[in-house]
Every structure is written in C-alpha cells, then in structure tokens.
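Structure file input-v4.txt (compact mmCIF, C-alpha atoms) follows.
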```txt
# COMPACT_ATOMS: atom_id res chain seq x y z
CA MET A 1 83.57 9.15 111.18
CA ASP A 2 85.68 7.43 113.87
CA LEU A 3 87.43 9.37 116.62
CA SER A 4 90.88 9.36 115.00
CA ARG A 5 89.47 10.84 111.78
CA GLU A 6 87.49 13.42 113.73
CA ILE A 7 90.65 14.48 115.54
CA GLU A 8 92.65 14.67 112.30
CA HIS A 9 89.93 16.81 110.71
CA TYR A 10 89.91 19.01 113.81
CA ARG A 11 93.71 19.35 113.68
CA ASN A 12 93.72 20.26 109.97
CA THR A 13 91.03 22.87 110.58
CA ILE A 14 93.15 24.52 113.30
CA LEU A 15 96.32 24.34 111.19
CA ALA A 16 94.57 26.17 108.37
CA ASN A 17 94.64 29.28 110.61
CA PRO A 18 96.48 28.38 113.81
CA PRO A 19 96.70 30.62 116.88
CA LYS A 20 99.86 32.26 118.14
CA VAL A 21 101.76 30.21 120.70
CA SER A 22 102.40 32.51 123.65
CA ALA A 23 105.84 32.98 125.17
CA LYS A 24 104.42 31.48 128.38
CA ILE A 25 103.52 28.21 126.66
CA ILE A 26 106.94 28.05 125.00
CA LEU A 27 108.56 28.55 128.41
CA TYR A 28 106.41 25.88 130.07
CA TRP A 29 107.07 23.42 127.23
CA THR A 30 110.80 23.92 127.63
CA LYS A 31 110.96 23.98 131.42
CA ARG A 32 108.35 21.35 132.25
CA ILE A 33 108.03 19.00 129.33
CA LYS A 34 111.54 19.02 127.92
CA GLU A 35 113.40 19.00 131.21
CA ALA A 36 111.18 16.20 132.55
CA ASN A 37 111.76 14.26 129.31
CA LEU A 38 108.00 13.79 128.95
CA TYR A 39 108.17 14.26 125.19
CA SER A 40 109.93 10.87 124.91
CA LEU A 41 106.72 9.23 126.14
CA GLY A 42 104.72 10.51 123.16
CA GLU A 43 100.96 10.66 123.72
CA GLU A 44 101.37 9.27 127.23
CA GLY A 45 103.76 12.12 127.99
CA ALA A 46 101.09 14.65 127.01
CA TYR A 47 98.54 12.96 129.27
CA LYS A 48 101.00 12.84 132.18
CA TYR A 49 101.74 16.53 131.78
CA ILE A 50 98.05 17.42 131.74
CA THR A 51 97.40 15.26 134.80
CA LYS A 52 100.38 16.70 136.68
CA TYR A 53 99.09 20.25 136.28
CA GLY A 54 95.48 19.72 137.17
CA GLY A 55 93.95 17.88 134.23
CA LYS A 56 91.55 20.75 133.39
CA PHE A 57 93.29 22.60 130.58
CA SER A 58 91.07 24.62 128.26
CA GLU A 59 90.71 23.72 124.60
CA LYS A 60 92.72 26.82 123.65
CA THR A 61 95.59 25.94 125.97
CA LEU A 62 95.69 22.34 124.73
CA ILE A 63 95.82 23.57 121.13
CA LEU A 64 98.80 25.79 121.99
CA TYR A 65 100.62 22.85 123.56
CA ALA A 66 99.80 20.71 120.51
CA LEU A 67 101.20 23.39 118.19
CA GLN A 68 104.34 23.82 120.28
CA SER A 69 104.84 20.03 120.26
CA GLU A 70 104.66 20.12 116.47
CA ILE A 71 107.13 22.98 116.34
CA GLU A 72 109.46 20.86 118.48
CA ALA A 73 108.88 17.94 116.03
CA GLN A 74 107.38 15.80 118.82
CA LEU A 75 104.49 14.55 116.73
CA ASP A 76 103.50 11.69 119.04
CA MET A 77 103.16 14.10 121.96
CA ALA A 78 101.27 16.51 119.70
CA ARG A 79 98.73 13.77 118.98
CA GLY A 80 98.06 13.46 122.70
CA PHE A 81 97.41 17.18 123.05
CA TRP A 82 95.28 17.28 119.87
CA LYS A 83 93.13 14.45 121.23
CA ARG A 84 92.61 16.19 124.56
CA ALA A 85 91.89 19.49 122.80
CA TYR A 86 89.25 17.84 120.64
CA LEU A 87 87.65 16.14 123.63
CA ALA A 88 87.66 19.48 125.46
CA LYS A 89 85.88 21.03 122.48
CA LYS A 90 83.23 18.31 122.50
CA LYS A 91 82.76 18.83 126.21
CA LYS A 92 82.46 22.57 125.73
CA ASP A 93 79.97 22.04 122.90
CA SER A 94 77.94 20.05 125.37
CA SER A 95 77.82 23.18 127.56
CA THR A 96 80.36 21.82 130.05
CA MET A 97 83.14 24.38 130.21
CA VAL A 98 86.70 23.18 130.78
CA GLN A 99 88.47 25.20 133.45
CA GLN A 100 91.74 26.84 132.51
CA PRO A 101 94.67 26.21 134.91
CA THR A 102 96.33 28.99 136.87
CA ASP A 103 99.52 28.89 134.81
CA SER A 104 97.59 29.54 131.61
CA GLN A 105 95.60 32.61 132.65
CA ASN A 106 95.43 35.54 130.24
CA LEU A 107 96.84 33.67 127.24
CA VAL A 108 96.50 35.61 124.00
CA PHE A 109 94.67 33.54 121.41
CA GLU A 110 95.63 35.29 118.18
CA ASN A 111 95.72 34.33 114.55
CA HIS A 112 98.97 32.76 113.41
CA PRO A 113 100.79 35.48 111.45
CA GLY A 114 102.00 33.26 108.64
CA VAL A 115 99.47 30.55 107.80
CA GLY A 116 96.10 31.60 106.50
CA LYS A 117 96.84 35.20 107.47
CA LYS A 118 99.76 37.33 106.35
CA MET A 119 102.48 38.42 108.73
CA GLU A 120 102.93 42.11 109.38
CA SER A 121 105.21 43.91 106.93
CA SER A 122 107.82 44.34 109.68
CA SER A 123 108.09 40.59 110.30
CA LEU A 124 110.92 38.13 109.82
CA LYS A 125 113.87 38.64 107.52
CA VAL A 126 114.65 35.21 106.09
CA PHE A 127 117.78 34.40 104.08
CA LEU A 128 117.46 31.62 101.48
CA CYS A 129 120.76 29.76 101.33
CA HIS A 130 120.72 27.50 98.28
CA SER A 131 122.57 26.03 95.36
CA SER A 132 122.11 27.51 91.89
CA SER A 133 120.86 24.12 90.69
CA ASP A 134 117.87 24.47 93.04
CA LYS A 135 117.03 28.00 91.92
CA PRO A 136 113.58 27.21 90.41
CA THR A 137 112.34 25.51 93.59
CA VAL A 138 113.83 28.16 95.85
CA ARG A 139 112.37 30.91 93.67
CA ASN A 140 108.92 29.41 94.23
CA LEU A 141 109.60 29.29 97.98
CA PHE A 142 110.68 32.96 97.89
CA HIS A 143 107.40 34.06 96.29
CA ARG A 144 105.33 31.90 98.64
CA LEU A 145 107.03 33.33 101.73
CA ARG A 146 106.70 36.87 100.44
CA ASN A 147 103.01 36.36 99.73
CA ASP A 148 102.61 35.22 103.35
CA GLY A 149 104.17 38.43 104.64
CA VAL A 150 107.70 37.16 105.34
CA ASP A 151 110.65 39.23 104.08
CA PRO A 152 112.78 36.63 102.24
CA TRP A 153 116.22 37.39 100.78
CA LEU A 154 117.08 35.80 97.43
CA ASP A 155 120.13 36.98 95.49
CA GLU A 156 118.41 37.38 92.11
CA GLU A 157 115.65 39.44 93.73
CA LYS A 158 117.60 41.50 96.24
CA LEU A 159 121.02 42.12 94.68
CA LEU A 160 121.15 45.26 92.56
CA PRO A 161 123.25 45.54 89.39
CA GLY A 162 126.72 46.74 90.31
CA GLN A 163 126.63 45.58 93.92
CA GLU A 164 129.52 43.41 95.14
CA TRP A 165 127.75 40.16 95.90
CA GLN A 166 130.64 38.76 97.95
CA GLN A 167 130.06 41.61 100.41
CA GLU A 168 126.28 41.89 100.20
CA ILE A 169 125.49 38.21 100.80
CA PRO A 170 127.35 37.94 104.16
CA LYS A 171 125.73 41.24 105.17
CA ALA A 172 122.28 39.85 104.33
CA VAL A 173 122.95 36.69 106.36
CA ARG A 174 123.99 38.74 109.40
CA GLN A 175 120.94 40.99 109.14
CA SER A 176 118.54 38.04 108.85
CA ASP A 177 116.40 36.65 111.66
CA VAL A 178 116.40 33.15 110.15
CA VAL A 179 118.52 31.33 107.59
CA LEU A 180 116.82 28.59 105.57
CA VAL A 181 119.49 26.20 104.32
CA CYS A 182 117.84 24.59 101.29
CA LEU A 183 119.17 21.08 100.71
CA SER A 184 118.99 18.68 97.80
CA LYS A 185 121.05 15.78 96.53
CA ALA A 186 122.91 18.17 94.25
CA SER A 187 123.55 20.92 96.80
CA ILE A 188 125.00 18.73 99.56
CA ASN A 189 127.68 17.46 97.20
CA LYS A 190 128.42 20.75 95.51
CA VAL A 191 131.59 22.67 96.28
CA GLY A 192 131.23 26.42 95.98
CA TYR A 193 129.93 29.62 97.47
CA VAL A 194 126.86 27.97 99.01
CA GLN A 195 129.21 26.10 101.37
CA ARG A 196 130.74 29.43 102.38
CA GLU A 197 127.25 30.80 103.07
CA ILE A 198 126.54 27.82 105.33
CA ARG A 199 129.82 28.28 107.22
CA PHE A 200 129.08 31.97 107.69
CA ALA A 201 125.55 31.20 108.93
CA LEU A 202 126.96 28.65 111.39
CA ASP A 203 129.33 31.28 112.78
CA ILE A 204 126.44 33.71 113.30
CA ALA A 205 124.31 30.94 114.86
CA GLU A 206 126.84 30.72 117.69
CA GLU A 207 126.09 34.36 118.52
CA GLN A 208 122.34 33.74 118.91
CA PRO A 209 120.70 33.48 122.35
CA GLU A 210 120.19 29.90 123.54
CA GLY A 211 116.92 28.43 122.30
CA PHE A 212 116.46 30.91 119.46
CA ILE A 213 115.58 29.53 116.05
CA PHE A 214 118.11 30.81 113.53
CA ILE A 215 119.11 27.99 111.15
CA ILE A 216 116.43 25.75 109.65
CA PRO A 217 117.60 23.00 107.28
CA VAL A 218 114.97 22.69 104.54
CA ARG A 219 115.02 19.49 102.49
CA LEU A 220 113.72 20.10 98.98
CA GLU A 221 113.81 16.35 98.28
CA GLU A 222 114.94 13.13 99.94
CA CYS A 223 118.61 13.67 100.81
CA SER A 224 121.02 13.30 103.70
CA ILE A 225 121.60 16.16 106.15
CA PRO A 226 125.23 17.32 106.38
CA GLY A 227 126.70 16.52 109.79
CA ARG A 228 127.17 20.15 110.83
CA LEU A 229 123.45 20.81 110.31
CA GLN A 230 122.11 17.72 112.06
CA LYS A 231 121.83 19.43 115.46
CA TRP A 232 118.83 21.36 114.13
CA GLN A 233 115.49 19.74 113.34
CA TRP A 234 114.88 19.95 109.61
CA VAL A 235 111.68 20.28 107.62
CA ASP A 236 110.78 18.38 104.46
CA LEU A 237 109.29 20.94 102.09
CA PHE A 238 108.30 18.21 99.65
CA ARG A 239 105.98 16.51 102.14
CA GLU A 240 102.35 17.30 102.93
CA ASN A 241 102.14 20.08 105.51
CA GLY A 242 105.89 20.70 105.08
CA TYR A 243 105.34 24.36 104.29
CA GLN A 244 102.88 24.71 107.17
CA ARG A 245 105.47 23.26 109.56
CA LEU A 246 108.05 25.71 108.24
CA MET A 247 105.64 28.58 108.87
CA LEU A 248 105.04 27.35 112.41
CA SER A 249 108.79 27.61 113.05
CA LEU A 250 108.95 31.08 111.52
CA LYS A 251 106.00 32.09 113.69
CA ALA A 252 107.82 30.78 116.77
CA ARG A 253 110.88 32.81 115.82
CA ALA A 254 108.72 35.89 115.29
CA ASN A 255 107.37 35.42 118.83
CA MET A 256 110.93 35.26 120.18
CA LYS A 257 111.82 38.40 118.24
CA ASN A 258 108.98 40.31 119.86
CA LEU A 259 109.65 39.18 123.44
```
Encoding of this model in structure tokens:
Amino acid sequence: MDLSREIEHYRNTILANPPKVSAKIILYWTKRIKEANLYSLGEEGAYKYITKYGGKFSEKTLILYALQSEIEAQLDMARGFWKRAYLAKKKKDSSTMVQQPTDSQNLVFENHPGVGKKMESSSLKVFLCHSSSDKPTVRNLFHRLRNDGVDPWLDEEKLLPGQEWQQEIPKAVRQSDVVLVCLSKASINKVGYVQREIRFALDIAEEQPEGFIFIIPVRLEECSIPGRLQKWQWVDLFRENGYQRLMLSLKARANMKNL
C-alpha cells in the first residue's frame, strides 16, 4: 500500500470514531490559521503552521487540527494535517515519541459524541427545515440523527394533534441549537411555508454569537444554493462521508454550546 492509501485508511479509521475537537484547538484554528490566511495554501499551509509553532505536534493534536480543517471545509489543509498525524503515528510506533507543544497541553482526547458513539440525551436540538416533497429523505435523516443521540425536530413527529402549527414551528426554530435547511431542486423553487421558515431562521441567525454554527444548508441532491444561504458552508448529504461531515459540524456546535 502506498503512502497516500495508508493515510486515507488512517483517516477513515479515525473518522469512524473521531475525537472531540477542544475549544482551544477551535480558537487556535480561528486566530492563527484563519487570520493568517494559511488555509488558502492548502497542505503547504498546514506544514507552515506546524513549523511556525515548533514542528513537534503530537499525533492527537494533529488529528484535532485535521478534523477542525474538515469542519471548516478546508480539505486541502486537512490533508496536510492528516499526513503529519500519520507520520507522527509511525514515528510513535517506532518508539520515538512526538513532543506536544506548549499551546496544546492538557487537551481532552474524547470520543466524538455523534459518529460511532451516541451523543448524550441532553445534546443538540436540531430543526429540520424542508419541503413536503422531500419528506421521505428528511424522515430518514430524522431517524438517523435521533439514533445518533441528536434531538431533531420534524413536524410530523413533534407536532401533536390540535396544536397550531403556525405558532409551534417558529417556536421550535427559536428553541433549536441548529437549523438544517434541506435543499433540493424542488424545494429551492417552491413557494410556501418552507420559505417562511428559512426567513425566520435567518432572523434568528443574526442573534447568534459570532462564529457559532446555527444554519447548515444540507443539499439532498445536486442543486443550487439560494443566495441568502451561500454565506454558510453547505454539506452534500448525498455524497460519501456527507453524513459524517454533518455530524462533525453538529459536534462542533455541541462544543460551543458547552463552553
């Protein structure tokens, strides 16, 4: 097996049960990598960051940076961190320990609460904004999220007979930690209540602290992203690892919730 395949196998193994990205790593990624624009350099940006801060990051720390790069949709940079993490592992396996830098002391290396291990019952409340034409796909997403310990809100599951849905739906959006805006070719062209849900979610998004994940556009199939949603990185649920990437974002939001 060549090196690139070894690294990909290593990455997939970690993603099957990834660790929790600490608040400290999220802060460093934002303050050091983003502000220095290193992410635009892809793999080279990852190497420059490692070199700048000592060049002796532990395997665990490199994995956390790789995961945070994926959360930020900087896949080229993530590849650089995954490669260094794998090389650190090989070095460690050869009984040469990789020293952890000062800024990464006391990191908590925990199981990811949503992939491979269920979240706690008190975890994220997630509203599923969708068109009725996408109900079967969204219903499957609802059950998958619930099985992974998330608390998803879907009208047909949560609304009780006799409740006024025009009041309950806005209330559910406001009480949610995250709103998944499920998009398809049909939904983006459909006029109706789903557009009102999106507008309401956008209003609430303006009330969120800067940097918090609140709205996640979720493409159910190949389709364009409405202009008002393009400021947020979307996820393609129909692609391989799409659901895993969604769970990484929900995990990141859960971390922010618990800060």
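Remark: for Gly42 of chain A, the closest of the candidate residues A:Leu27, A:Leu75, A:Leu248, A:Leu15 is A:Leu75 (distances computed over all atoms listed in the file).
For the pair atom CA of Ser176 of chain A and atom CA of Lys34 of chain A, the separation is 27.8 Å.
For the residues A:Ile198, A:Ser187, A:Phe212, A:Asn241, ranking by smallest atom-to-atom distance to Asn255 of chain A using all atoms listed in the file places A:Phe212 first.
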Exercise: residues within 12 Å of coordinate (109.7, 26.2, 129.3), counting only C-alpha atoms, as a list of chain:residue names
A:Ser22, A:Ala23, A:Lys24, A:Ile25, A:Ile26, A:Leu27, A:Tyr28, A:Trp29, A:Thr30, A:Lys31, A:Arg32, A:Ile33, A:Lys34, A:Glu35, A:Ala36, A:Tyr65, A:Gln68, A:Ser69, A:Asp103, A:Gly211
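Between atom CA of Lys92 of chain A and atom CA of Glu70 of chain A the separation is 24.2 Å.
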Can you tell me which residues surround Gln74 of chain A at a distance of at most 10 Å, considering only C-alpha atoms, apart from same-chain residues fewer than 5 positions away, and format the answer as a tab-separated table (two decimals) with C-alpha atoms, in the frame of the given file?
```tsv
chain	number	residue	atom	x	y	z
A	39	TYR	CA	108.17	14.26	125.19
A	40	SER	CA	109.93	10.87	124.91
A	41	LEU	CA	106.72	9.23	126.14
A	42	GLY	CA	104.72	10.51	123.16
A	43	GLU	CA	100.96	10.66	123.72
A	66	ALA	CA	99.80	20.71	120.51
A	67	LEU	CA	101.20	23.39	118.19
A	68	GLN	CA	104.34	23.82	120.28
A	69	SER	CA	104.84	20.03	120.26
A	79	ARG	CA	98.73	13.77	118.98
```
